[in-house]
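start_39.pdb follows; it contains PDB, C-alpha atoms.
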ATOM      1  CA  MET A 118       0.000   0.000   0.000
ATOM      2  CA  LYS A 119       1.367   3.385  -1.011
ATOM      3  CA  VAL A 120       0.340   6.311   1.187
ATOM      4  CA  THR A 121       0.403   9.874  -0.144
ATOM      5  CA  SER A 122      -1.609  13.029   0.450
ATOM      6  CA  PHE A 123      -4.682  15.030  -1.023
ATOM      7  CA  THR A 124      -6.158  18.840  -0.149
ATOM      8  CA  PHE A 125      -8.465  19.061   2.939
ATOM      9  CA  LEU A 126      -7.716  16.715   5.895
ATOM     10  CA  ALA A 127      -9.281  13.606   4.417
ATOM     11  CA  ILE A 128      -8.011  10.277   3.102
ATOM     12  CA  ALA A 129      -9.063   9.444  -0.440
ATOM     13  CA  MET A 130      -8.834   5.789  -1.418
ATOM     14  CA  THR A 131      -8.820   4.504  -4.982
ATOM     15  CA  LEU A 132      -8.743   0.856  -5.957
ATOM     16  CA  ALA A 133      -6.943  -0.577  -8.973
ATOM     17  CA  GLY A 134      -6.954  -4.356  -8.959
ATOM     18  CA  CYS A 135      -5.517  -5.386  -5.598
ATOM     19  CA  THR A 136      -3.655  -2.123  -5.009
ATOM     20  CA  THR A 137      -5.002   0.433  -2.549
ATOM     21  CA  HIS A 138      -3.760   3.996  -2.917
ATOM     22  CA  GLN A 139      -4.498   6.508  -0.180
ATOM     23  CA  THR A 140      -4.242  10.269  -0.378
ATOM     24  CA  VAL A 141      -4.650  12.940   2.316
ATOM     25  CA  THR A 142      -5.937  16.501   1.845
ATOM     26  CA  ALA A 143      -5.043  19.782   3.640
ATOM     27  CA  GLY A 144      -6.957  23.054   4.163
ATOM     28  CA  HIS A 145      -6.843  26.231   2.058
ATOM     29  CA  ASP A 146      -8.668  28.779   4.202
ATOM     30  CA  GLU A 147      -6.822  32.079   4.637
ATOM     31  CA  PRO A 148      -6.064  34.368   7.557
ATOM     32  CA  LYS A 149      -8.801  36.954   7.959
ATOM     33  CA  PRO A 150      -8.196  40.128   5.928
ATOM     34  CA  SER A 151      -6.499  43.024   7.657
ATOM     35  CA  ALA A 152      -8.122  46.424   8.044
ATOM     36  CA  THR A 153      -5.945  47.723   5.210
ATOM     37  CA  ARG A 154      -7.515  45.434   2.627
ATOM     38  CA  PRO A 155     -10.545  46.552   0.593
ATOM     39  CA  SER A 156     -13.851  46.022   2.375
ATOM     40  CA  THR A 157     -15.508  44.634  -0.746
ATOM     41  CA  ALA A 158     -14.515  42.888  -3.973
ATOM     42  CA  SER A 159     -16.200  43.083  -7.344
ATOM     43  CA  SER A 160     -18.036  39.943  -8.421
ATOM     44  CA  THR A 161     -17.236  40.866 -12.032
ATOM     45  CA  SER A 162     -13.457  40.790 -11.533
ATOM     46  CA  PRO A 163     -12.356  37.270 -10.519
ATOM     47  CA  SER A 164      -8.711  36.684  -9.626
ATOM     48  CA  ALA A 165      -6.372  36.235 -12.581
ATOM     49  CA  SER A 166      -5.731  32.684 -13.742
ATOM     50  CA  PRO A 167      -2.646  31.249 -11.985
ATOM     51  CA  SER A 168      -2.035  28.985 -14.988
ATOM     52  CA  GLY A 169      -2.141  31.619 -17.711
ATOM     53  CA  SER A 170      -4.882  33.831 -19.094
ATOM     54  CA  ALA A 171      -8.423  32.530 -18.665
ATOM     55  CA  THR A 172      -9.498  31.738 -22.199
ATOM     56  CA  GLY A 173     -11.445  29.024 -23.998
ATOM     57  CA  VAL A 174     -12.942  26.218 -21.944
ATOM     58  CA  GLY A 175     -11.262  27.497 -18.752
ATOM     59  CA  ALA A 176     -12.874  30.896 -19.077
ATOM     60  CA  GLN A 177     -16.214  29.222 -19.748
ATOM     61  CA  LEU A 178     -15.975  27.151 -16.553
ATOM     62  CA  LEU A 179     -14.870  30.155 -14.480
ATOM     63  CA  ALA A 180     -17.853  32.102 -15.771
ATOM     64  CA  ARG A 181     -20.090  29.359 -14.342
ATOM     65  CA  VAL A 182     -18.623  29.650 -10.825
ATOM     66  CA  LEU A 183     -20.854  31.583  -8.432
ATOM     67  CA  PRO A 184     -19.927  35.278  -8.196
ATOM     68  CA  LEU A 185     -18.827  36.841  -4.931
ATOM     69  CA  PRO A 186     -21.783  37.649  -2.660
ATOM     70  CA  ALA A 187     -22.515  41.288  -1.886
ATOM     71  CA  GLY A 188     -20.038  42.632   0.654
ATOM     72  CA  ALA A 189     -17.640  39.692   0.287
ATOM     73  CA  GLN A 190     -13.855  39.986  -0.012
ATOM     74  CA  THR A 191     -12.014  37.712  -2.409
ATOM     75  CA  TRP A 192      -9.163  35.501  -1.220
ATOM     76  CA  THR A 193      -5.843  37.161  -2.011
ATOM     77  CA  ARG A 194      -3.198  34.731  -0.750
ATOM     78  CA  THR A 195      -4.553  31.515  -2.229
ATOM     79  CA  PRO A 196      -4.483  31.102  -6.026
ATOM     80  CA  THR A 197      -7.936  31.367  -7.580
ATOM     81  CA  GLY A 198      -9.202  31.483 -11.154
ATOM     82  CA  VAL A 199      -8.591  28.895 -13.872
ATOM     83  CA  PHE A 200      -6.189  25.955 -13.536
ATOM     84  CA  ASP A 201      -4.643  23.697 -16.145
ATOM     85  CA  LEU A 202      -3.767  20.109 -15.154
ATOM     86  CA  THR A 203      -0.556  21.030 -13.340
ATOM     87  CA  GLY A 204      -2.141  24.014 -11.620
ATOM     88  CA  PHE A 205      -5.120  21.932 -10.515
ATOM     89  CA  VAL A 206      -2.936  19.174  -9.058
ATOM     90  CA  ASP A 207      -0.611  21.660  -7.345
ATOM     91  CA  ASN A 208      -3.548  23.499  -5.742
ATOM     92  CA  PHE A 209      -5.780  20.567  -4.850
ATOM     93  CA  TYR A 210      -3.285  17.946  -3.669
ATOM     94  CA  ARG A 211      -0.426  17.869  -1.212
ATOM     95  CA  PRO A 212       3.084  17.519  -2.711
ATOM     96  CA  ASP A 213       3.594  13.825  -1.971
ATOM     97  CA  ALA A 214       0.379  12.921  -3.845
ATOM     98  CA  ARG A 215       0.806  15.037  -6.950
ATOM     99  CA  ALA A 216       2.524  12.590  -9.309
ATOM    100  CA  TYR A 217      -0.080   9.911  -8.659
ATOM    101  CA  GLU A 218      -3.041  12.282  -8.730
ATOM    102  CA  LYS A 219      -1.850  13.938 -11.930
ATOM    103  CA  ALA A 220      -1.909  10.532 -13.608
ATOM    104  CA  ARG A 221      -5.353   9.841 -12.128
ATOM    105  CA  ALA A 222      -6.728  13.181 -13.335
ATOM    106  CA  THR A 223      -5.371  12.469 -16.822
ATOM    107  CA  GLN A 224      -6.992   9.018 -16.739
ATOM    108  CA  ARG A 225     -10.282  10.592 -15.746
ATOM    109  CA  GLY A 226     -10.164  12.963 -18.711
ATOM    110  CA  PHE A 227      -9.344  16.235 -16.961
ATOM    111  CA  VAL A 228     -10.271  19.290 -19.055
ATOM    112  CA  THR A 229      -9.961  22.323 -16.750
ATOM    113  CA  ALA A 230     -10.626  23.526 -13.196
ATOM    114  CA  ALA A 231     -11.689  26.773 -11.547
ATOM    115  CA  ARG A 232     -11.704  28.079  -7.983
ATOM    116  CA  ARG A 233     -13.196  31.085  -6.219
ATOM    117  CA  GLY A 234     -12.818  31.805  -2.501
ATOM    118  CA  TRP A 235     -14.088  34.646  -0.342
ATOM    119  CA  PHE A 236     -14.614  36.079   3.129
ATOM    120  CA  GLY A 237     -18.260  36.711   3.962
ATOM    121  CA  ASP A 238     -19.365  39.802   5.843
ATOM    122  CA  ASP A 239     -20.116  37.496   8.801
ATOM    123  CA  GLY A 240     -16.448  36.442   9.051
ATOM    124  CA  SER A 241     -16.982  33.047   7.416
ATOM    125  CA  GLN A 242     -15.002  31.802   4.427
ATOM    126  CA  THR A 243     -16.334  29.922   1.398
ATOM    127  CA  GLU A 244     -14.510  28.124  -1.389
ATOM    128  CA  VAL A 245     -15.989  26.850  -4.645
ATOM    129  CA  PHE A 246     -13.780  24.404  -6.543
ATOM    130  CA  MET A 247     -15.073  22.993  -9.842
ATOM    131  CA  VAL A 248     -13.324  20.450 -12.064
ATOM    132  CA  GLN A 249     -14.482  19.633 -15.580
ATOM    133  CA  PHE A 250     -13.792  16.289 -17.257
ATOM    134  CA  ARG A 251     -14.411  14.924 -20.742
ATOM    135  CA  SER A 252     -17.324  12.858 -19.416
ATOM    136  CA  THR A 253     -19.571  12.363 -16.434
ATOM    137  CA  ARG A 254     -17.606   9.209 -15.623
ATOM    138  CA  GLY A 255     -14.476  11.228 -14.796
ATOM    139  CA  ALA A 256     -16.401  13.621 -12.553
ATOM    140  CA  ARG A 257     -18.074  10.711 -10.769
ATOM    141  CA  SER A 258     -14.716   9.043 -10.184
ATOM    142  CA  MET A 259     -13.283  12.123  -8.473
ATOM    143  CA  TYR A 260     -16.469  12.483  -6.423
ATOM    144  CA  ALA A 261     -16.293   8.832  -5.340
ATOM    145  CA  ASP A 262     -12.671   9.216  -4.190
ATOM    146  CA  LEU A 263     -13.364  12.366  -2.194
ATOM    147  CA  THR A 264     -16.457  11.044  -0.444
ATOM    148  CA  ALA A 265     -14.677   7.752   0.340
ATOM    149  CA  SER A 266     -11.834   9.792   1.835
ATOM    150  CA  TRP A 267     -14.136  11.410   4.383
ATOM    151  CA  LYS A 268     -15.222   8.021   5.662
ATOM    152  CA  GLN A 269     -11.669   6.674   5.670
ATOM    153  CA  ASN A 270     -10.634   9.621   7.832
ATOM    154  CA  SER A 271     -13.553   9.014  10.219
ATOM    155  CA  LEU A 272     -15.136  12.400   9.567
ATOM    156  CA  ALA A 273     -18.831  12.859  10.286
ATOM    157  CA  THR A 274     -20.606  12.525   6.937
ATOM    158  CA  PHE A 275     -24.091  13.318   5.704
ATOM    159  CA  THR A 276     -26.182  13.075   2.548
ATOM    160  CA  ASP A 277     -27.271  16.172   0.644
ATOM    161  CA  SER A 278     -30.218  14.596  -1.134
ATOM    162  CA  ALA A 279     -31.314  17.869  -2.765
ATOM    163  CA  VAL A 280     -28.357  17.644  -5.178
ATOM    164  CA  GLN A 281     -27.569  13.913  -4.901
ATOM    165  CA  GLY A 282     -24.438  14.884  -3.013
ATOM    166  CA  GLU A 283     -22.589  14.143   0.199
ATOM    167  CA  GLY A 284     -20.795  16.171   2.818
ATOM    168  CA  SER A 285     -18.433  15.975   5.773
ATOM    169  CA  VAL A 286     -17.927  17.938   8.966
ATOM    170  CA  ALA A 287     -14.508  18.507  10.552
ATOM    171  CA  GLU A 288     -15.254  19.985  13.966
ATOM    172  CA  LYS A 289     -11.616  20.084  15.082
ATOM    173  CA  PRO A 290     -10.285  23.606  14.348
ATOM    174  CA  ASP A 291      -7.519  23.911  11.766
ATOM    175  CA  SER A 292      -4.293  25.904  12.201
ATOM    176  CA  LEU A 293      -6.234  29.163  11.689
ATOM    177  CA  GLY A 294      -8.853  28.250  14.286
ATOM    178  CA  ASN A 295     -11.610  27.463  11.770
ATOM    179  CA  VAL A 296     -13.931  24.480  11.592
ATOM    180  CA  ARG A 297     -14.899  23.169   8.170
ATOM    181  CA  VAL A 298     -17.838  21.703   6.297
ATOM    182  CA  GLU A 299     -17.361  20.260   2.807
ATOM    183  CA  VAL A 300     -20.124  19.245   0.415
ATOM    184  CA  ALA A 301     -19.717  17.814  -3.068
ATOM    185  CA  ALA A 302     -21.837  16.787  -6.027
ATOM    186  CA  VAL A 303     -21.603  16.137  -9.761
ATOM    187  CA  ARG A 304     -23.531  17.945 -12.470
ATOM    188  CA  GLY A 305     -22.913  16.415 -15.894
ATOM    189  CA  ASP A 306     -19.153  16.384 -16.525
ATOM    190  CA  VAL A 307     -18.381  18.853 -13.698
ATOM    191  CA  PHE A 308     -17.309  17.911 -10.165
ATOM    192  CA  VAL A 309     -18.225  20.559  -7.572
ATOM    193  CA  ARG A 310     -16.882  20.895  -4.041
ATOM    194  CA  ILE A 311     -17.908  23.620  -1.602
ATOM    195  CA  SER A 312     -15.878  24.245   1.553
ATOM    196  CA  ARG A 313     -17.234  26.477   4.290
ATOM    197  CA  PHE A 314     -15.029  27.708   7.160
ATOM    198  CA  THR A 315     -16.317  29.278  10.377
ATOM    199  CA  ASP A 316     -14.604  30.099  13.663
ATOM    200  CA  ALA A 317     -17.321  28.682  15.890
ATOM    201  CA  THR A 318     -19.880  26.013  14.923
ATOM    202  CA  ALA A 319     -19.630  24.164  11.612
ATOM    203  CA  ASP A 320     -22.228  25.703   9.279
ATOM    204  CA  LYS A 321     -23.619  22.729   7.374
ATOM    205  CA  ALA A 322     -26.794  24.472   6.168
ATOM    206  CA  ALA A 323     -24.860  27.393   4.666
ATOM    207  CA  ALA A 324     -22.487  25.049   2.807
ATOM    208  CA  GLU A 325     -25.431  23.091   1.409
ATOM    209  CA  ALA A 326     -27.115  26.314   0.315
ATOM    210  CA  VAL A 327     -24.019  27.400  -1.650
ATOM    211  CA  LEU A 328     -23.773  23.958  -3.272
ATOM    212  CA  GLN A 329     -27.444  24.122  -4.236
ATOM    213  CA  ARG A 330     -26.981  27.513  -5.894
ATOM    214  CA  GLN A 331     -23.876  26.356  -7.726
ATOM    215  CA  ILE A 332     -25.489  23.145  -8.973
ATOM    216  CA  ASP A 333     -28.611  25.040 -10.058
ATOM    217  CA  SER A 334     -26.470  27.523 -11.988
ATOM    218  CA  LEU A 335     -24.899  24.679 -13.990
ATOM    219  CA  GLY A 336     -28.260  23.425 -15.266
ATOM    220  CA  GLY A 337     -28.986  19.847 -16.271
ATOM    221  CA  SER A 338     -29.334  17.150 -13.618
ATOM    222  CA  SER A 339     -27.104  15.934 -10.797
ATOM    223  CA  SER A 340     -25.288  12.722 -11.552
ATOM    224  CA  ALA A 341     -23.067  11.666  -8.666
ATOM    225  CA  THR A 342     -24.349   8.130  -8.918
ATOM    226  CA  GLY A 343     -25.867   5.899 -11.531
TER
END
Any chance you could give the structure as structure tokens?
Amino acid sequence: MKVTSFTFLAIAMTLAGCTTHQTVTAGHDEPKPSATRPSTASSTSPSASPSGSATGVGAQLLARVLPLPAGAQTWTRTPTGVFDLTGFVDNFYRPDARAYEKARATQRGFVTAARRGWFGDDGSQTEVFMVQFRSTRGARSMYADLTASWKQNSLATFTDSAVQGEGSVAEKPDSLGNVRVEVAAVRGDVFVRISRFTDATADKAAAEAVLQRQIDSLGGSSSATG
């Protein structure tokens, strides 16, 4: 068994024949903005692509990511925008998992990825990470690995039946003192993960509400299973 690591304090397990591969994720929430940063950020000006200019299919996916809510501040220290394969792997997985996960993403038919993260006016943080594949099968495969990882890491999990999705709750505060809820679903060939960070009680309902809005904005029907 080879053990490596994935993005968000979970263990993702994939099976290939008799080989079990495990990956562990780590958090991407940011320190709260200082008083010198802008109090608001325009929802029409997403962060520049860290993997080059946002054009073509990448720009199309980014345009489908939910805009910043009114009064929100965009993340400034964590790369956001459009990612190519290398950028996606480098921003979603921990270093010791990247070679394996890059091969897995290629196998799944990775096309592009996009991320947006923000501070809400209530002090919470929200991240939307979407990954597009050549087919629904690739998106389902990534979804299956992530949701299996939550169970492997003994996180509290729940079903989000409204979007045929699943979620996890990590009540133990991270290094910035935040607790986290993650929810994920698949809409067509797009994998969607929402992460919600709060400094008190895990806000499951708010994370589910963001996922619902994002899934609705993509159109079509959810397809995490079947």
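The shell of residues at most 7 Å from region 231-238 of chain A, with all atoms listed in the file counted and near chain neighbours (fewer than 3 positions) removed, consists of Leu178, Leu179, Leu185, Gly188, Ala189, Gln190, Thr191, Trp192, Thr197, Gly198, Val199, Phe200, Ser241, Gln242, Thr243, Glu244, Val245, Phe246, Met247 and Val248 of chain A.
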Got a sec: who's within 12 Å of Gly336 (chain A), counting only C-alpha atoms, leaving out chain neighbours fewer than 6 positions off, as a PyMOL selection string?
-> chain A and resi 181+280+303-307+329-330
Name the residues that the PyMOL selection byres ((chain A and resi 257-260) around 12) picks from the file above, as a VMD selection string, using the file's chain letters and numbers.
-> chain A and resid 123 129 to 132 209 218 221 to 227 247 to 256 261 to 267 281 to 284 300 to 310 339 to 343
Quick one: distance from CA of Ala273 (chain A) to CA of Ser285 (chain A) in Å, one decimal?
->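 Going from CA of Ala273 (chain A) over to CA of Ser285 (chain A), I get 5.5 Å.
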Separation of CA of Ala323 (chain A) and CA of Leu293 (chain A), in Å?
->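 Interatomic distance, CA of Ala323 (chain A) to CA of Leu293 (chain A): 20.0 Å.
You can rank A:Ala176, A:Ala230, A:Val286, A:Leu272 by their closest distance to Asp207 (chain A) using all atoms listed in the file, and at the top of that list sits A:Ala230.
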To one decimal place, how far is CA of Asp201 (chain A) from CA of Tyr217 (chain A) in Å?
->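 Interatomic distance, CA of Asp201 (chain A) to CA of Tyr217 (chain A): 16.3 Å.
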